[in-house]
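With TSV, C-alpha atoms inside, this is query-v7.tsv:
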```tsv
chain	number	residue	atom	x	y	z
Q	178	MET	CA	5.01	-15.87	-7.47
Q	179	HIS	CA	6.66	-15.13	-10.75
Q	180	LYS	CA	9.76	-12.94	-10.89
Q	181	LEU	CA	9.50	-10.39	-13.66
Q	182	ARG	CA	13.08	-9.07	-13.54
Q	183	GLU	CA	16.32	-9.35	-11.58
Q	184	ASP	CA	17.20	-5.66	-11.52
Q	185	ASN	CA	15.43	-3.25	-9.20
Q	186	ARG	CA	14.50	-0.02	-10.97
Q	187	ASN	CA	12.60	1.47	-8.05
Q	188	THR	CA	14.42	4.64	-7.05
Q	189	PRO	CA	13.29	7.72	-5.12
Q	190	LYS	CA	14.30	9.91	-8.09
Q	191	PHE	CA	12.05	8.01	-10.50
Q	192	PHE	CA	9.05	8.25	-8.19
Q	193	ASP	CA	9.77	11.88	-7.35
Q	194	ASP	CA	9.40	12.67	-11.03
Q	195	CYS	CA	6.46	10.47	-12.01
Q	196	LEU	CA	4.30	11.03	-8.91
Q	197	ILE	CA	4.66	14.80	-8.91
Q	198	LYS	CA	3.78	14.86	-12.61
Q	199	ARG	CA	0.75	12.68	-11.93
Q	200	MET	CA	-0.47	14.94	-9.13
Q	201	GLU	CA	0.00	18.00	-11.32
Q	202	LYS	CA	-2.11	16.25	-13.97
Q	203	TYR	CA	-4.92	15.51	-11.49
Q	204	ASN	CA	-4.46	18.75	-9.53
Q	205	GLY	CA	-3.94	16.68	-6.39
Q	206	LEU	CA	-4.08	13.05	-5.35
Q	207	ASN	CA	-5.09	10.42	-7.88
Q	208	PRO	CA	-8.90	10.01	-8.13
Q	209	TYR	CA	-8.59	7.03	-10.47
Q	210	ASP	CA	-8.26	4.40	-7.72
Q	211	ASP	CA	-10.89	5.66	-5.28
Q	212	GLU	CA	-12.95	2.47	-5.60
Q	213	ARG	CA	-9.98	0.18	-4.98
Q	214	PHE	CA	-8.85	2.15	-1.94
Q	215	GLY	CA	-12.42	2.21	-0.69
Q	216	GLU	CA	-12.45	-1.57	-0.77
Q	217	MET	CA	-9.09	-1.75	0.99
Q	218	VAL	CA	-10.21	0.43	3.92
Q	219	LYS	CA	-13.70	-1.05	4.35
Q	220	TYR	CA	-12.91	-2.58	7.77
Q	221	PHE	CA	-11.45	0.57	9.29
Q	222	LYS	CA	-13.45	1.60	12.35
Q	223	GLY	CA	-11.12	4.26	13.72
Q	224	GLY	CA	-7.76	4.31	15.47
Q	225	LYS	CA	-4.22	4.59	14.15
Q	226	PHE	CA	-4.00	4.25	10.37
Q	227	LEU	CA	-0.94	3.97	8.09
Q	228	ASP	CA	-0.75	4.16	4.30
Q	229	LEU	CA	2.58	2.49	3.52
Q	230	GLY	CA	4.38	3.41	0.31
Q	231	ILE	CA	1.71	6.04	-0.05
Q	232	GLY	CA	2.42	7.32	-3.55
Q	233	ASP	CA	-0.53	9.49	-4.56
Q	234	SER	CA	-3.10	7.49	-2.57
Q	235	PRO	CA	-6.19	9.44	-1.44
Q	236	ALA	CA	-7.26	6.82	1.14
Q	237	GLY	CA	-6.32	8.73	4.29
Q	238	LEU	CA	-7.98	11.92	3.12
Q	239	HIS	CA	-11.28	10.14	2.56
Q	240	LEU	CA	-11.15	8.48	5.98
Q	241	ILE	CA	-10.18	11.59	7.93
Q	242	GLU	CA	-13.51	13.17	7.04
Q	243	ARG	CA	-15.38	10.29	8.74
Q	244	PHE	CA	-12.94	9.53	11.56
Q	245	SER	CA	-11.72	12.95	12.61
Q	246	SER	CA	-10.49	11.75	16.02
Q	247	SER	CA	-8.30	9.03	14.50
Q	248	GLU	CA	-4.57	9.27	13.78
Q	249	PHE	CA	-3.46	9.12	10.13
Q	250	HIS	CA	0.04	8.48	8.79
Q	251	GLY	CA	1.61	8.08	5.36
Q	252	LEU	CA	5.17	6.90	4.60
Q	253	ASP	CA	7.12	6.93	1.35
Q	254	PHE	CA	10.74	7.11	0.19
Q	255	SER	CA	10.09	9.87	-2.34
Q	256	SER	CA	11.27	13.12	-0.74
Q	257	GLU	CA	9.63	15.47	-3.25
Q	258	LEU	CA	6.35	13.60	-2.87
Q	259	ILE	CA	6.46	13.86	0.93
Q	260	LYS	CA	7.23	17.60	0.73
Q	261	TYR	CA	4.25	18.08	-1.59
Q	262	LEU	CA	1.92	16.08	0.66
Q	263	GLN	CA	3.08	17.80	3.85
Q	264	LYS	CA	2.46	21.19	2.27
Q	265	ASN	CA	-0.93	20.43	0.72
Q	266	TYR	CA	-2.51	17.94	3.15
Q	267	PRO	CA	-1.43	18.86	6.70
Q	268	GLY	CA	-4.11	16.73	8.37
Q	269	ILE	CA	-2.07	13.56	7.81
Q	270	ASN	CA	1.34	12.81	9.33
Q	271	TYR	CA	3.42	12.25	6.18
Q	272	ILE	CA	7.02	11.14	6.70
Q	273	LEU	CA	9.98	10.19	4.55
Q	274	GLY	CA	11.07	6.63	5.25
Q	275	ASN	CA	11.87	3.06	4.25
Q	276	VAL	CA	8.90	0.65	4.14
Q	277	LEU	CA	11.23	-2.18	5.21
Q	278	ASN	CA	12.50	-0.34	8.28
Q	279	THR	CA	9.88	2.07	9.55
Q	280	PRO	CA	10.34	4.35	12.59
Q	281	TYR	CA	7.21	3.08	14.36
Q	282	ARG	CA	7.19	1.01	17.53
Q	283	ASP	CA	5.86	-2.55	17.75
Q	284	ASN	CA	2.07	-3.04	17.72
Q	285	TYR	CA	1.34	0.63	17.04
Q	286	PHE	CA	-1.24	0.69	14.23
Q	287	ASP	CA	-4.82	-0.54	14.10
Q	288	TYR	CA	-4.95	-0.56	10.30
Q	289	ILE	CA	-2.26	-0.56	7.61
Q	290	ILE	CA	-2.67	-0.49	3.85
Q	291	ALA	CA	-0.13	-0.98	1.06
Q	292	GLY	CA	-1.65	-0.29	-2.34
Q	293	GLU	CA	0.42	-1.47	-5.32
Q	294	LEU	CA	3.60	-1.79	-3.23
Q	295	ILE	CA	4.47	-5.46	-2.74
Q	296	GLU	CA	5.25	-6.02	-6.44
Q	297	HIS	CA	8.04	-3.41	-6.19
Q	298	ILE	CA	9.83	-5.09	-3.25
Q	299	GLU	CA	12.79	-7.41	-3.84
Q	300	ASN	CA	11.92	-9.60	-0.85
Q	301	PRO	CA	8.17	-9.37	-0.13
Q	302	LYS	CA	8.55	-11.27	3.15
Q	303	GLU	CA	10.71	-8.44	4.51
Q	304	LEU	CA	7.87	-6.02	3.86
Q	305	LEU	CA	5.31	-8.28	5.53
Q	306	ASN	CA	7.52	-8.87	8.58
Q	307	GLU	CA	7.77	-5.11	9.08
Q	308	VAL	CA	4.04	-4.56	8.53
Q	309	PHE	CA	3.07	-7.14	11.12
Q	310	ARG	CA	5.69	-5.89	13.57
Q	311	ILE	CA	4.02	-2.48	13.73
Q	312	LEU	CA	0.41	-3.75	13.44
Q	313	LYS	CA	-1.52	-4.42	16.65
Q	314	PRO	CA	-2.88	-7.89	17.43
Q	315	ASN	CA	-6.33	-8.10	15.79
Q	316	GLY	CA	-5.35	-5.15	13.57
Q	317	VAL	CA	-5.99	-5.31	9.83
Q	318	PHE	CA	-3.51	-5.15	6.98
Q	319	SER	CA	-4.81	-4.67	3.45
Q	320	LEU	CA	-2.81	-4.79	0.23
Q	321	SER	CA	-3.51	-4.63	-3.45
Q	322	THR	CA	-1.37	-5.80	-6.36
Q	323	PRO	CA	-1.87	-6.59	-10.04
Q	324	ASP	CA	-3.35	-10.04	-10.64
Q	325	ARG	CA	-1.06	-12.34	-12.66
Q	326	GLU	CA	0.72	-9.44	-14.32
Q	327	ASN	CA	2.92	-11.80	-16.33
Q	328	VAL	CA	-0.27	-13.28	-17.86
Q	329	THR	CA	-2.81	-10.44	-17.98
Q	330	ARG	CA	-0.47	-7.65	-19.04
Q	331	ILE	CA	1.78	-9.18	-21.69
Q	332	GLY	CA	3.53	-6.34	-23.48
Q	333	VAL	CA	2.57	-3.72	-20.88
Q	334	ILE	CA	4.29	-5.00	-17.72
Q	335	ASP	CA	5.40	-2.10	-15.54
Q	336	PHE	CA	9.21	-1.89	-15.65
Q	337	THR	CA	9.36	-1.06	-11.93
Q	338	HIS	CA	7.53	-4.26	-10.93
Q	339	ILE	CA	9.77	-7.08	-9.71
Q	340	TRP	CA	7.10	-9.70	-8.93
Q	341	SER	CA	3.84	-10.94	-10.38
Q	342	PHE	CA	1.38	-12.63	-8.00
Q	343	GLU	CA	-1.59	-14.93	-8.20
Q	344	GLU	CA	-4.33	-14.81	-5.58
Q	345	GLU	CA	-3.04	-18.03	-4.01
Q	346	ASP	CA	0.47	-16.54	-3.70
Q	347	ILE	CA	-0.88	-13.66	-1.63
Q	348	LYS	CA	-2.86	-16.03	0.60
Q	349	ASN	CA	0.24	-18.14	1.17
Q	350	LEU	CA	2.36	-15.11	2.05
Q	351	LEU	CA	-0.17	-13.72	4.54
Q	352	GLU	CA	-1.61	-16.78	6.26
Q	353	GLN	CA	1.26	-17.13	8.74
Q	354	TYR	CA	0.38	-13.69	10.14
Q	355	GLY	CA	-3.39	-13.86	10.46
Q	356	LYS	CA	-6.79	-14.68	9.00
Q	357	VAL	CA	-6.83	-13.86	5.29
Q	358	GLU	CA	-9.52	-13.00	2.77
Q	359	THR	CA	-8.84	-12.14	-0.86
Q	360	GLN	CA	-10.78	-10.99	-3.89
Q	361	ILE	CA	-10.15	-10.08	-7.51
Q	362	PHE	CA	-11.06	-6.45	-8.09
Q	363	ILE	CA	-11.75	-5.47	-11.68
Q	364	LYS	CA	-12.05	-1.91	-12.87
Q	365	GLU	CA	-11.49	-1.07	-16.48
Q	366	LYS	CA	-8.82	-3.21	-18.14
Q	367	TYR	CA	-6.59	-4.92	-15.59
Q	368	PRO	CA	-7.63	-7.02	-12.55
Q	369	LYS	CA	-6.11	-6.46	-9.10
Q	370	ILE	CA	-5.82	-8.73	-6.09
Q	371	ILE	CA	-7.08	-7.17	-2.87
Q	372	ALA	CA	-6.31	-8.95	0.39
Q	373	HIS	CA	-7.22	-8.28	4.01
Q	374	CYS	CA	-5.36	-9.99	6.84
Q	375	ARG	CA	-6.44	-9.68	10.49
Q	376	LYS	CA	-3.37	-10.24	12.65
Q	377	TYR	CA	-3.42	-13.16	15.06
Q	378	GLY	CA	-3.40	-12.44	18.77
Q	379	SER	CA	-5.43	-10.62	21.35
Q	380	ASN	CA	-5.12	-7.18	22.91
```
As structure tokens - that is how I would like this structure written.
Amino acid sequence: MHKLREDNRNTPKFFDDCLIKRMEKYNGLNPYDDERFGEMVKYFKGGKFLDLGIGDSPAGLHLIERFSSSEFHGLDFSSELIKYLQKNYPGINYILGNVLNTPYRDNYFDYIIAGELIEHIENPKELLNEVFRILKPNGVFSLSTPDRENVTRIGVIDFTHIWSFEEEDIKNLLEQYGKVETQIFIKEKYPKIIAHCRKYGSN
């Protein structure tokens, strides 16, 4: 793990502005990352699903078409974003909240994703502790994050990113919680790390 900056510039106001503008540009949720989200949700077989730090992720909307009897949730700290999503996509339970202190009970979800979130968190272990608190035993957590941002994106590092990760960093962070698999996902210019972790334990 390489720390990119000491100050945390991630604020609800910033994401209110940039995400709403992005959705206005695309006339809805972002189609750019469909392939990446498709890879992240490839092990979902139905059940309770959470998109954490949802941003403008389309993952839940794609899944709901195939798993209509499942339960879909999305959580983010951007109030304007959540209002927009609640109004335009009522099939998913969108709520305003803190990814480090969610309102869900222990062992609730079968599948949780966090796309491009962990690099924004001051203490990534806090995020992972919360994820695995609310994930069922044998449930799957999937994340994505830029690969070696401090190396591959010199001059274009996102000013809201606090951490840069290598694939081995992600494995090391996740292996205490479950069985981990990782891959480098490349689309267009910048590579991403995608990881899946199946939580230890039995139902």
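As for atom CA of Lys202 of chain Q and atom CA of Gly215 of chain Q, they are spaced 21.9 Å apart.
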*asked:* Which residues are close to segment 304-317 of chain Q, i.e. within 10 Å by only C-alpha atoms, leaving aside same-chain residues fewer than 3 positions away? Reply as JSON, numbers by chain.
replied: {"Q": [218, 220, 221, 224, 225, 226, 227, 229, 275, 276, 277, 278, 279, 280, 281, 282, 283, 284, 285, 286, 287, 288, 289, 290, 291, 294, 295, 298, 299, 300, 301, 350, 351, 354, 355, 356, 357, 373, 374, 375, 376, 377, 378, 379, 380]}
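Our summary of the geometry notes that atom CA of Arg325 of chain Q is positioned 28.1 Å from atom CA of Tyr203 of chain Q.
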In Å and to one decimal, atom CA of Asp324 of chain Q is distant from atom CA of Met217 of chain Q by 15.4 Å
Counting only C-alpha atoms, closest pick from Q:Glu242, Q:Glu296, Q:Asp233, Q:Glu216 relative to Phe336 of chain Q is Q:Glu296
Q: Do a neighbour search on Glu257 of chain Q at 9 Å with only C-alpha atoms, toss out local chain neighbours closer than 4 positions, and write the hits as a ChimeraX atom specification.
A: /Q:189-190,192-194,196-197,261-262
### Task
Would you mind listing what lies within 10 Å of Asp211 of chain Q as JSON, numbers by chain, with only C-alpha atoms counted and same-chain residues fewer than 3 positions away left out?
{"Q": [207, 208, 214, 215, 216, 217, 234, 235, 236, 239]}
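For the set Q:Thr359, Q:Ser341, Q:Asn270, Q:Asn185, the residue with the smallest atom-to-atom gap to Asp253 of chain Q is Q:Asn270, counting all atoms listed in the file.
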Selection near Glu326 of chain Q, 10 Å with all atoms listed in the file, sequence-local residues under 3 positions removed, as a VMD selection string: chain Q and resid 179 181 296 322 to 323 329 to 331 333 to 335 338 340 to 343 367 to 369
Step by step, gather every atom of segment 352-359 of chain Q that the file lists, find the box along x, y and z that holds them, add 4 Å on each side, and finally give centre and edge lengths in Å to one decimal, as JSON.
```
{"center_x": -4.1, "center_y": -14.6, "center_z": 4.8, "size_x": 18.8, "size_y": 13.0, "size_z": 19.3}
```
#### Entry: Tyr266 of chain Q surroundings by only C-alpha atoms, 10 Å radius, close-in-sequence under 5 positions cut, as JSON, numbers by chain
{"Q": [205, 206, 238, 261, 271]}
Among Q:Leu258, Q:Ile339, Q:Ile231, Q:Ile361, Asn327 of chain Q is approached most closely, using all atoms listed in the file, by Q:Ile339
Would you mind putting back N, CA and C atoms on segment 316-348 of chain Q, then writing it out as a tab-separated table (two decimals), in the frame of the given file?
```tsv
chain	number	residue	atom	x	y	z
Q	316	GLY	N	-5.33	-6.22	14.56
Q	316	GLY	CA	-5.35	-5.15	13.57
Q	316	GLY	C	-5.45	-5.73	12.17
Q	317	VAL	N	-5.77	-4.87	11.21
Q	317	VAL	CA	-5.99	-5.31	9.83
Q	317	VAL	C	-4.93	-4.72	8.91
Q	318	PHE	N	-4.38	-5.59	8.07
Q	318	PHE	CA	-3.51	-5.15	6.98
Q	318	PHE	C	-4.21	-5.45	5.67
Q	319	SER	N	-4.22	-4.47	4.76
Q	319	SER	CA	-4.81	-4.67	3.45
Q	319	SER	C	-3.82	-4.27	2.37
Q	320	LEU	N	-3.69	-5.11	1.36
Q	320	LEU	CA	-2.81	-4.79	0.23
Q	320	LEU	C	-3.57	-4.99	-1.07
Q	321	SER	N	-3.04	-4.35	-2.10
Q	321	SER	CA	-3.51	-4.63	-3.45
Q	321	SER	C	-2.29	-4.77	-4.35
Q	322	THR	N	-2.45	-5.57	-5.41
Q	322	THR	CA	-1.37	-5.80	-6.36
Q	322	THR	C	-1.98	-6.30	-7.66
Q	323	PRO	N	-1.33	-6.06	-8.80
Q	323	PRO	CA	-1.87	-6.59	-10.04
Q	323	PRO	C	-2.03	-8.11	-9.99
Q	324	ASP	N	-3.10	-8.60	-10.58
Q	324	ASP	CA	-3.35	-10.04	-10.64
Q	324	ASP	C	-2.66	-10.64	-11.85
Q	325	ARG	N	-1.74	-11.58	-11.59
Q	325	ARG	CA	-1.06	-12.34	-12.66
Q	325	ARG	C	-0.55	-11.40	-13.77
Q	326	GLU	N	0.25	-10.45	-13.36
Q	326	GLU	CA	0.72	-9.44	-14.32
Q	326	GLU	C	1.45	-10.06	-15.50
Q	327	ASN	N	2.18	-11.15	-15.25
Q	327	ASN	CA	2.92	-11.80	-16.33
Q	327	ASN	C	1.99	-12.48	-17.34
Q	328	VAL	N	0.71	-12.66	-16.96
Q	328	VAL	CA	-0.27	-13.28	-17.86
Q	328	VAL	C	-1.23	-12.25	-18.43
Q	329	THR	N	-1.74	-11.37	-17.56
Q	329	THR	CA	-2.81	-10.44	-17.98
Q	329	THR	C	-2.28	-9.17	-18.64
Q	330	ARG	N	-0.98	-8.91	-18.52
Q	330	ARG	CA	-0.47	-7.65	-19.04
Q	330	ARG	C	0.70	-7.85	-20.02
Q	331	ILE	N	0.69	-8.92	-20.74
Q	331	ILE	CA	1.78	-9.18	-21.69
Q	331	ILE	C	1.98	-7.96	-22.59
Q	332	GLY	N	3.21	-7.49	-22.65
Q	332	GLY	CA	3.53	-6.34	-23.48
Q	332	GLY	C	3.41	-5.01	-22.78
Q	333	VAL	N	2.73	-4.99	-21.60
Q	333	VAL	CA	2.57	-3.72	-20.88
Q	333	VAL	C	2.94	-3.88	-19.40
Q	334	ILE	N	3.84	-4.80	-19.10
Q	334	ILE	CA	4.29	-5.00	-17.72
Q	334	ILE	C	5.06	-3.77	-17.27
Q	335	ASP	N	4.74	-3.29	-16.09
Q	335	ASP	CA	5.40	-2.10	-15.54
Q	335	ASP	C	6.88	-2.42	-15.27
Q	336	PHE	N	7.78	-1.58	-15.78
Q	336	PHE	CA	9.21	-1.89	-15.65
Q	336	PHE	C	9.74	-1.73	-14.23
Q	337	THR	N	8.94	-1.15	-13.33
Q	337	THR	CA	9.36	-1.06	-11.93
Q	337	THR	C	8.86	-2.24	-11.09
Q	338	HIS	N	8.05	-3.11	-11.67
Q	338	HIS	CA	7.53	-4.26	-10.93
Q	338	HIS	C	8.51	-5.42	-10.98
Q	339	ILE	N	8.82	-5.97	-9.82
Q	339	ILE	CA	9.77	-7.08	-9.71
Q	339	ILE	C	9.05	-8.43	-9.69
Q	340	TRP	N	7.84	-8.45	-9.10
Q	340	TRP	CA	7.10	-9.70	-8.93
Q	340	TRP	C	5.71	-9.61	-9.54
Q	341	SER	N	5.23	-10.76	-9.99
Q	341	SER	CA	3.84	-10.94	-10.38
Q	341	SER	C	3.23	-12.00	-9.46
Q	342	PHE	N	2.01	-11.74	-8.97
Q	342	PHE	CA	1.38	-12.63	-8.00
Q	342	PHE	C	0.06	-13.17	-8.52
Q	343	GLU	N	-0.25	-14.38	-8.09
Q	343	GLU	CA	-1.59	-14.93	-8.20
Q	343	GLU	C	-2.26	-14.80	-6.84
Q	344	GLU	N	-3.59	-14.93	-6.83
Q	344	GLU	CA	-4.33	-14.81	-5.58
Q	344	GLU	C	-3.82	-15.79	-4.53
Q	345	GLU	N	-3.51	-17.01	-4.95
Q	345	GLU	CA	-3.04	-18.03	-4.01
Q	345	GLU	C	-1.67	-17.65	-3.42
Q	346	ASP	N	-0.83	-16.99	-4.20
Q	346	ASP	CA	0.47	-16.54	-3.70
Q	346	ASP	C	0.29	-15.59	-2.53
Q	347	ILE	N	-0.64	-14.64	-2.68
Q	347	ILE	CA	-0.88	-13.66	-1.63
Q	347	ILE	C	-1.43	-14.34	-0.37
Q	348	LYS	N	-2.35	-15.28	-0.55
Q	348	LYS	CA	-2.86	-16.03	0.60
Q	348	LYS	C	-1.73	-16.75	1.32
```
